[in-house]
>>> print(open('run05.json').read())   # JSON, C-alpha atoms
[["chain", "number", "residue", "atom", "x", "y", "z"],
["A", 163, "MET", "CA", 28.81, 147.34, 47.78],
["A", 164, "ALA", "CA", 29.15, 146.51, 44.08],
["A", 165, "LEU", "CA", 28.09, 149.98, 42.96],
["A", 166, "ASP", "CA", 30.40, 151.53, 45.55],
["A", 167, "SER", "CA", 33.33, 149.81, 43.85],
["A", 168, "PHE", "CA", 32.08, 150.56, 40.34],
["A", 169, "PRO", "CA", 30.01, 153.77, 40.34],
["A", 170, "PRO", "CA", 27.82, 153.52, 37.22],
["A", 171, "THR", "CA", 28.84, 156.76, 35.52],
["A", 172, "ARG", "CA", 30.99, 157.72, 32.57],
["A", 173, "THR", "CA", 32.96, 160.02, 34.85],
["A", 174, "ALA", "CA", 33.89, 157.05, 37.03],
["A", 175, "ALA", "CA", 34.87, 155.07, 33.94],
["A", 176, "LEU", "CA", 37.19, 157.81, 32.70],
["A", 177, "GLU", "CA", 38.71, 158.23, 36.16],
["A", 178, "ARG", "CA", 39.43, 154.49, 36.36],
["A", 179, "LEU", "CA", 40.99, 154.56, 32.90],
["A", 180, "SER", "CA", 43.17, 157.52, 33.87],
["A", 181, "ALA", "CA", 44.32, 155.76, 37.05],
["A", 182, "PHE", "CA", 45.16, 152.59, 35.13],
["A", 183, "LEU", "CA", 47.09, 154.16, 32.25],
["A", 184, "PRO", "CA", 50.50, 154.28, 34.00],
["A", 185, "ARG", "CA", 50.17, 150.52, 34.66],
["A", 186, "ALA", "CA", 48.90, 149.48, 31.21],
["A", 187, "GLY", "CA", 52.32, 148.53, 29.84],
["A", 188, "ARG", "CA", 54.94, 146.22, 31.29],
["A", 189, "HIS", "CA", 53.44, 146.43, 34.78],
["A", 190, "TYR", "CA", 50.21, 144.92, 33.45],
["A", 191, "ALA", "CA", 52.12, 142.16, 31.65],
["A", 192, "ALA", "CA", 53.96, 141.26, 34.86],
["A", 193, "ARG", "CA", 51.08, 141.53, 37.33],
["A", 194, "ARG", "CA", 47.89, 140.78, 35.43],
["A", 195, "ASN", "CA", 47.64, 137.18, 36.67],
["A", 196, "TYR", "CA", 47.83, 138.05, 40.37],
["A", 197, "ASP", "CA", 44.57, 137.90, 42.32],
["A", 198, "LEU", "CA", 45.24, 139.60, 45.65],
["A", 199, "GLY", "CA", 41.61, 139.89, 46.72],
["A", 200, "PRO", "CA", 38.85, 142.51, 46.92],
["A", 201, "GLY", "CA", 40.16, 146.04, 46.80],
["A", 202, "ARG", "CA", 43.60, 144.85, 45.71],
["A", 203, "HIS", "CA", 43.12, 144.10, 42.01],
["A", 204, "HIS", "CA", 45.84, 146.57, 41.06],
["A", 205, "GLY", "CA", 47.37, 144.41, 38.34],
["A", 206, "VAL", "CA", 44.34, 144.72, 36.06],
["A", 207, "SER", "CA", 42.33, 147.65, 34.75],
["A", 208, "GLY", "CA", 38.94, 147.05, 36.38],
["A", 209, "LEU", "CA", 37.37, 148.59, 33.27],
["A", 210, "SER", "CA", 35.28, 145.59, 32.23],
["A", 211, "PRO", "CA", 32.00, 146.67, 33.92],
["A", 212, "TYR", "CA", 32.23, 150.02, 32.15],
["A", 213, "LEU", "CA", 33.03, 148.41, 28.81],
["A", 214, "ARG", "CA", 30.15, 145.98, 29.25],
["A", 215, "CYS", "CA", 27.68, 148.81, 29.91],
["A", 216, "ARG", "CA", 29.22, 150.97, 27.14],
["A", 217, "LEU", "CA", 30.06, 153.83, 29.48],
["A", 218, "ILE", "CA", 33.42, 153.67, 27.75],
["A", 219, "THR", "CA", 34.43, 151.87, 24.55],
["A", 220, "GLU", "CA", 37.28, 149.57, 23.60],
["A", 221, "GLU", "CA", 38.41, 152.12, 21.02],
["A", 222, "GLU", "CA", 38.66, 154.88, 23.63],
["A", 223, "VAL", "CA", 40.62, 152.63, 25.96],
["A", 224, "LEU", "CA", 43.09, 151.53, 23.30],
["A", 225, "GLN", "CA", 43.61, 155.08, 22.05],
["A", 226, "ALA", "CA", 44.41, 156.24, 25.57],
["A", 227, "VAL", "CA", 46.77, 153.32, 26.23],
["A", 228, "LEU", "CA", 48.63, 153.74, 22.94],
["A", 229, "ALA", "CA", 49.03, 157.46, 23.59],
["A", 230, "ARG", "CA", 50.90, 156.51, 26.77],
["A", 231, "HIS", "CA", 52.74, 153.28, 25.86],
["A", 232, "ALA", "CA", 54.46, 151.77, 22.84],
["A", 233, "PRO", "CA", 52.49, 148.92, 21.23],
["A", 234, "GLN", "CA", 55.13, 146.40, 22.27],
["A", 235, "ALA", "CA", 54.97, 147.48, 25.90],
["A", 236, "ALA", "CA", 51.17, 147.34, 26.02],
["A", 237, "GLU", "CA", 50.84, 144.21, 23.90],
["A", 238, "LYS", "CA", 49.36, 142.00, 26.64],
["A", 239, "PHE", "CA", 46.67, 144.51, 27.52],
["A", 240, "ILE", "CA", 45.84, 145.15, 23.87],
["A", 241, "GLN", "CA", 45.43, 141.41, 23.32],
["A", 242, "GLU", "CA", 42.95, 141.15, 26.19],
["A", 243, "VAL", "CA", 40.84, 143.97, 24.77],
["A", 244, "PHE", "CA", 40.79, 142.31, 21.38],
["A", 245, "TRP", "CA", 39.81, 138.96, 22.91],
["A", 246, "ARG", "CA", 36.60, 140.60, 24.16],
["A", 247, "THR", "CA", 35.75, 141.73, 20.64],
["A", 248, "TYR", "CA", 36.73, 138.39, 19.13],
["A", 249, "TRP", "CA", 34.40, 136.44, 21.45],
["A", 250, "LYS", "CA", 31.49, 138.75, 20.62],
["A", 251, "GLY", "CA", 32.01, 138.24, 16.90],
["A", 252, "TRP", "CA", 32.49, 134.49, 17.28],
["A", 253, "LEU", "CA", 29.19, 134.02, 19.12],
["A", 254, "GLU", "CA", 27.32, 136.44, 16.87],
["A", 255, "LEU", "CA", 28.25, 134.27, 13.90],
["A", 256, "ARG", "CA", 27.16, 131.11, 15.75],
["A", 257, "PRO", "CA", 23.83, 131.94, 17.45],
["A", 258, "GLY", "CA", 23.12, 128.24, 17.76],
["A", 259, "VAL", "CA", 25.78, 127.98, 20.49],
["A", 260, "TRP", "CA", 23.87, 130.48, 22.64],
["A", 261, "ASP", "CA", 20.56, 128.74, 21.90],
["A", 262, "GLU", "CA", 22.10, 125.40, 22.91],
["A", 263, "TYR", "CA", 23.40, 126.87, 26.16],
["A", 264, "ARG", "CA", 19.97, 128.31, 27.04],
["A", 265, "ARG", "CA", 18.26, 125.02, 26.21],
["A", 266, "ASP", "CA", 20.71, 122.96, 28.26],
["A", 267, "LEU", "CA", 20.49, 125.43, 31.14],
["A", 268, "ARG", "CA", 16.73, 124.91, 31.36],
["A", 269, "ARG", "CA", 17.33, 121.17, 31.54],
["A", 270, "GLN", "CA", 19.93, 121.65, 34.27],
["A", 271, "TRP", "CA", 17.49, 123.80, 36.25],
["A", 272, "ASP", "CA", 14.97, 120.96, 36.06],
["A", 273, "ASP", "CA", 17.61, 118.60, 37.42],
["A", 274, "VAL", "CA", 18.41, 120.99, 40.30],
["A", 275, "GLN", "CA", 14.75, 120.93, 41.28],
["A", 276, "THR", "CA", 14.45, 117.15, 41.19],
["A", 277, "GLN", "CA", 17.87, 115.80, 42.24],
["A", 278, "ALA", "CA", 18.67, 116.43, 45.89],
["A", 279, "GLY", "CA", 22.37, 115.66, 45.59],
["A", 280, "LEU", "CA", 22.85, 118.05, 42.70],
["A", 281, "ARG", "CA", 20.80, 120.72, 44.46],
["A", 282, "ASP", "CA", 22.90, 120.41, 47.62],
["A", 283, "ARG", "CA", 26.19, 120.74, 45.69],
["A", 284, "TRP", "CA", 24.85, 123.66, 43.67],
["A", 285, "GLU", "CA", 23.61, 125.50, 46.78],
["A", 286, "ALA", "CA", 26.94, 124.95, 48.57],
["A", 287, "ALA", "CA", 28.83, 126.32, 45.58],
["A", 288, "CYS", "CA", 26.63, 129.38, 45.21],
["A", 289, "THR", "CA", 26.72, 130.23, 48.92],
["A", 290, "GLY", "CA", 30.46, 129.57, 49.33],
["A", 291, "ASP", "CA", 30.00, 126.60, 51.63],
["A", 292, "THR", "CA", 32.06, 123.89, 49.91],
["A", 293, "GLY", "CA", 34.96, 123.76, 52.36],
["A", 294, "ILE", "CA", 37.40, 124.79, 49.61],
["A", 295, "ALA", "CA", 38.63, 128.10, 50.96],
["A", 296, "CYS", "CA", 39.67, 129.74, 47.71],
["A", 297, "PHE", "CA", 36.48, 128.74, 45.92],
["A", 298, "ASP", "CA", 34.29, 129.85, 48.82],
["A", 299, "GLY", "CA", 36.18, 133.14, 49.01],
["A", 300, "TRP", "CA", 35.63, 133.79, 45.32],
["A", 301, "ALA", "CA", 31.93, 132.92, 45.57],
["A", 302, "ASP", "CA", 31.57, 135.43, 48.39],
["A", 303, "GLU", "CA", 33.52, 138.10, 46.52],
["A", 304, "LEU", "CA", 31.44, 137.60, 43.38],
["A", 305, "VAL", "CA", 28.09, 137.88, 45.18],
["A", 306, "ASN", "CA", 29.13, 140.86, 47.29],
["A", 307, "THR", "CA", 31.15, 142.90, 44.80],
["A", 308, "GLY", "CA", 29.88, 141.85, 41.38],
["A", 309, "TYR", "CA", 33.43, 141.22, 40.26],
["A", 310, "LEU", "CA", 36.11, 138.52, 40.08],
["A", 311, "HIS", "CA", 39.65, 138.67, 38.78],
["A", 312, "ASN", "CA", 39.91, 136.93, 35.41],
["A", 313, "HIS", "CA", 42.38, 134.34, 36.70],
["A", 314, "ALA", "CA", 40.04, 133.57, 39.60],
["A", 315, "ARG", "CA", 37.19, 133.07, 37.14],
["A", 316, "MET", "CA", 39.17, 130.33, 35.43],
["A", 317, "TRP", "CA", 40.09, 128.61, 38.70],
["A", 318, "PHE", "CA", 36.52, 128.92, 39.94],
["A", 319, "ALA", "CA", 35.07, 127.42, 36.77],
["A", 320, "SER", "CA", 37.55, 124.54, 36.86],
["A", 321, "ILE", "CA", 36.74, 123.67, 40.48],
["A", 322, "TRP", "CA", 32.99, 124.03, 39.78],
["A", 323, "ILE", "CA", 33.18, 121.56, 36.89],
["A", 324, "PHE", "CA", 35.89, 119.07, 37.80],
["A", 325, "THR", "CA", 35.96, 119.08, 41.62],
["A", 326, "LEU", "CA", 32.35, 119.79, 42.56],
["A", 327, "GLU", "CA", 31.13, 117.97, 39.43],
["A", 328, "LEU", "CA", 28.51, 120.57, 38.64],
["A", 329, "PRO", "CA", 27.20, 121.32, 35.14],
["A", 330, "TRP", "CA", 29.09, 124.17, 33.51],
["A", 331, "GLU", "CA", 25.84, 125.75, 32.37],
["A", 332, "LEU", "CA", 24.81, 126.36, 35.98],
["A", 333, "GLY", "CA", 28.18, 127.97, 36.68],
["A", 334, "ALA", "CA", 27.91, 130.23, 33.66],
["A", 335, "ASP", "CA", 24.44, 131.23, 34.84],
["A", 336, "PHE", "CA", 25.77, 131.96, 38.35],
["A", 337, "PHE", "CA", 28.35, 134.30, 36.85],
["A", 338, "LEU", "CA", 25.87, 136.07, 34.59],
["A", 339, "ARG", "CA", 23.50, 136.69, 37.50],
["A", 340, "HIS", "CA", 26.18, 138.38, 39.60],
["A", 341, "LEU", "CA", 28.95, 139.83, 37.43],
["A", 342, "LEU", "CA", 28.64, 143.53, 36.70],
["A", 343, "ASP", "CA", 30.60, 142.85, 33.52],
["A", 344, "GLY", "CA", 28.65, 139.69, 32.72],
["A", 345, "ASP", "CA", 28.87, 139.33, 28.96],
["A", 346, "PRO", "CA", 27.04, 136.48, 27.17],
["A", 347, "ALA", "CA", 29.88, 135.89, 24.73],
["A", 348, "SER", "CA", 32.94, 136.08, 27.01],
["A", 349, "ASN", "CA", 31.16, 134.28, 29.84],
["A", 350, "THR", "CA", 29.62, 131.43, 27.87],
["A", 351, "LEU", "CA", 32.65, 130.77, 25.72],
["A", 352, "GLY", "CA", 35.00, 131.06, 28.70],
["A", 353, "TRP", "CA", 33.08, 128.37, 30.59],
["A", 354, "ARG", "CA", 32.97, 126.22, 27.45],
["A", 355, "TRP", "CA", 36.75, 126.60, 27.14],
["A", 356, "VAL", "CA", 37.39, 125.51, 30.73],
["A", 357, "ALA", "CA", 35.08, 122.53, 30.25],
["A", 358, "GLY", "CA", 36.92, 121.43, 27.10],
["A", 359, "ILE", "CA", 34.02, 122.15, 24.74],
["A", 360, "GLN", "CA", 35.18, 125.33, 23.03],
["A", 361, "THR", "CA", 38.53, 123.76, 22.15],
["A", 362, "VAL", "CA", 37.53, 120.13, 22.02],
["A", 363, "GLY", "CA", 39.48, 117.93, 24.40],
["A", 364, "LYS", "CA", 41.50, 120.79, 25.90],
["A", 365, "THR", "CA", 40.26, 121.39, 29.43],
["A", 366, "TYR", "CA", 41.59, 123.87, 31.96],
["A", 367, "LEU", "CA", 42.50, 122.28, 35.29],
["A", 368, "ALA", "CA", 43.23, 124.57, 38.22],
["A", 369, "ARG", "CA", 46.52, 123.63, 39.93],
["A", 370, "PRO", "CA", 47.28, 124.12, 43.63],
["A", 371, "ASP", "CA", 50.73, 125.56, 42.92],
["A", 372, "ASN", "CA", 49.33, 128.01, 40.39],
["A", 373, "ILE", "CA", 46.65, 129.24, 42.80],
["A", 374, "ALA", "CA", 49.18, 129.53, 45.63],
["A", 375, "LYS", "CA", 51.59, 131.55, 43.48],
["A", 376, "TYR", "CA", 49.14, 133.98, 41.95],
["A", 377, "THR", "CA", 47.14, 134.58, 45.12],
["A", 378, "GLU", "CA", 50.41, 134.96, 47.06],
["A", 379, "GLY", "CA", 49.26, 132.26, 49.48],
["A", 380, "ARG", "CA", 46.36, 134.26, 50.90],
["A", 381, "PHE", "CA", 44.16, 131.13, 51.27],
["A", 382, "GLY", "CA", 45.38, 129.13, 54.23],
["A", 383, "VAL", "CA", 42.73, 126.41, 54.58],
["A", 384, "PRO", "CA", 43.51, 123.30, 52.51],
["A", 385, "GLY", "CA", 40.84, 121.61, 50.41],
["A", 386, "ARG", "CA", 40.50, 119.08, 47.62],
["A", 387, "LEU", "CA", 41.10, 119.71, 43.95],
["A", 388, "ALA", "CA", 40.22, 117.45, 41.04],
["A", 389, "GLY", "CA", 43.09, 115.54, 39.50],
["A", 390, "TYR", "CA", 45.57, 116.14, 42.32],
["A", 391, "GLY", "CA", 46.22, 114.09, 45.41],
["A", 392, "GLY", "CA", 47.61, 116.83, 47.61],
["A", 393, "ALA", "CA", 45.98, 119.69, 49.44],
["A", 394, "ILE", "CA", 45.14, 122.93, 47.74],
["A", 395, "PRO", "CA", 45.82, 126.20, 49.60],
["A", 396, "GLY", "CA", 42.27, 127.33, 49.11]]
>>> encode(input="run05.json", output="structure tokens")
Amino acid sequence: MALDSFPPTRTAALERLSAFLPRAGRHYAARRNYDLGPGRHHGVSGLSPYLRCRLITEEEVLQAVLARHAPQAAEKFIQEVFWRTYWKGWLELRPGVWDEYRRDLRRQWDDVQTQAGLRDRWEAACTGDTGIACFDGWADELVNTGYLHNHARMWFASIWIFTLELPWELGADFFLRHLLDGDPASNTLGWRWVAGIQTVGKTYLARPDNIAKYTEGRFGVPGRLAGYGGAIPG
């Protein structure tokens, strides 16, 4: 199913870029945070798997966008493209961060094998069996399509860390094993940012109202969410 959604060819990459170009300006700025579910990610470009595999380059994408839109109109999209490059450079200059992640991941894998409670929570998260509808839906989408909306990745990571109380390294590994656009820099540093490690002391906590707004209420089963006493629509 993943390769049906993202055919692994340069032709497919160029076709997706061409289809996105009319929406790369103010439409992207207004709709980029909305996660409407598989097959409905019309607010974003969907180019990340092709960029990750170098079937198309950031330079090509930006040239095409700027040929269609003024820089001010496409500013939000341009920023997102540059963030990808920034993260790559940041990690390249700090290889010890990647080494630390790999070392800690091996330790976490040992814990999964020896601690039944941790193993049960980890298995439930990976199989989408936590009882938190939005989280379980995203786990299923990730495994079956190889893709998640960027906003959903942040919510997912927050729930993984702060609600399910699972090590962030295991979550980052789960993403890398399934994402077609899985990038060591963006993925590792994104999980570190949610956990409050990348920017020390500044965590990202998913909020029920934020999820409800930007998923347009498509998750109807309430569940728990760390730091909040009410129900989360998802």
>>> residues_around(input="run05.json", residues="Asn312 in chain A", least_positions_apart="2", cutoff="12 Å", atoms="only C-alpha atoms", output="PyMOL selection string")
chain A and resi 194-199+203+205-208+210+242+300+304+309-310+314-319+337+341+343-344+348-349+352-353+376
>>> residues_near_point(input="run05.json", point="(25.4, 136.0, 29.5)", cutoff="12 Å", atoms="all atoms listed in the file", output="PyMOL selection string")
chain A and resi 214+250+253+260-261+263-264+267+331-353
>>> atom_distance(input="run05.json", atom1="CA of Thr307 in chain A", atom2="CA of Pro200 in chain A")
8.0 Å
>>> residues_around(input="run05.json", residues="Val223 in chain A", least_positions_apart="3", cutoff="12 Å", atoms="all atoms listed in the file", output="count of residues only")
31
>>> atom_distance(input="run05.json", atom1="CA of Thr377 in chain A", atom2="CA of Trp284 in chain A")
24.9 Å
>>> closest_residue(input="run05.json", among="A:Leu280, A:Arg269, A:Val274, A:Glu222", to="Glu327 in chain A", atoms="all atoms listed in the file")
A:Leu280
>>> closest_atom_pairs(input="run05.json", of="range 237-349 of chain A", to="range 357-369 of chain A", cutoff="8 Å", atoms="all atoms listed in the file", output="JSON lines")
{"residue": "A:Met316", "atom": "CA", "partner": "A:Ala368", "partner_atom": "CA", "distance": 7.6}
{"residue": "A:Trp317", "atom": "CA", "partner": "A:Ala368", "partner_atom": "CA", "distance": 5.1}
{"residue": "A:Ser320", "atom": "CA", "partner": "A:Leu367", "partner_atom": "CA", "distance": 5.7}
{"residue": "A:Ile321", "atom": "CA", "partner": "A:Ala368", "partner_atom": "CA", "distance": 6.9}
{"residue": "A:Ile323", "atom": "CA", "partner": "A:Ala357", "partner_atom": "CA", "distance": 7.0}
{"residue": "A:Phe324", "atom": "CA", "partner": "A:Leu367", "partner_atom": "CA", "distance": 7.8}
{"residue": "A:Trp330", "atom": "CA", "partner": "A:Ala357", "partner_atom": "CA", "distance": 7.0}
>>> atom_distance(input="run05.json", atom1="CA of Trp322 in chain A", atom2="CA of Leu165 in chain A")
26.6 Å
>>> closest_residue(input="run05.json", among="A:Thr171, A:Cys296, A:Arg256, A:Arg281", to="Glu378 in chain A", atoms="all atoms listed in the file")
A:Cys296
>>> closest_residue(input="run05.json", among="A:Thr247, A:Ala174, A:Val305, A:Arg188", to="His231 in chain A", atoms="all atoms listed in the file")
A:Arg188
>>> closest_residue(input="run05.json", among="A:Glu285, A:Trp355, A:Pro170, A:His313", to="Leu326 in chain A", atoms="all atoms listed in the file")
A:Glu285
>>> closest_residue(input="run05.json", among="A:Asn306, A:Thr276, A:Arg265, A:Lys375", to="Gly290 in chain A", atoms="all atoms listed in the file")
A:Asn306
>>> closest_residue(input="run05.json", among="A:His189, A:Pro211, A:Leu224, A:Phe297", to="Pro370 in chain A", atoms="all atoms listed in the file")
A:Phe297
>>> axis_aligned_box(input="run05.json", around="range 356-364 of chain A", padding_each_side="5 Å", output="JSON")
{"center_x": 37.8, "center_y": 121.7, "center_z": 26.4, "size_x": 17.5, "size_y": 17.6, "size_z": 18.7}
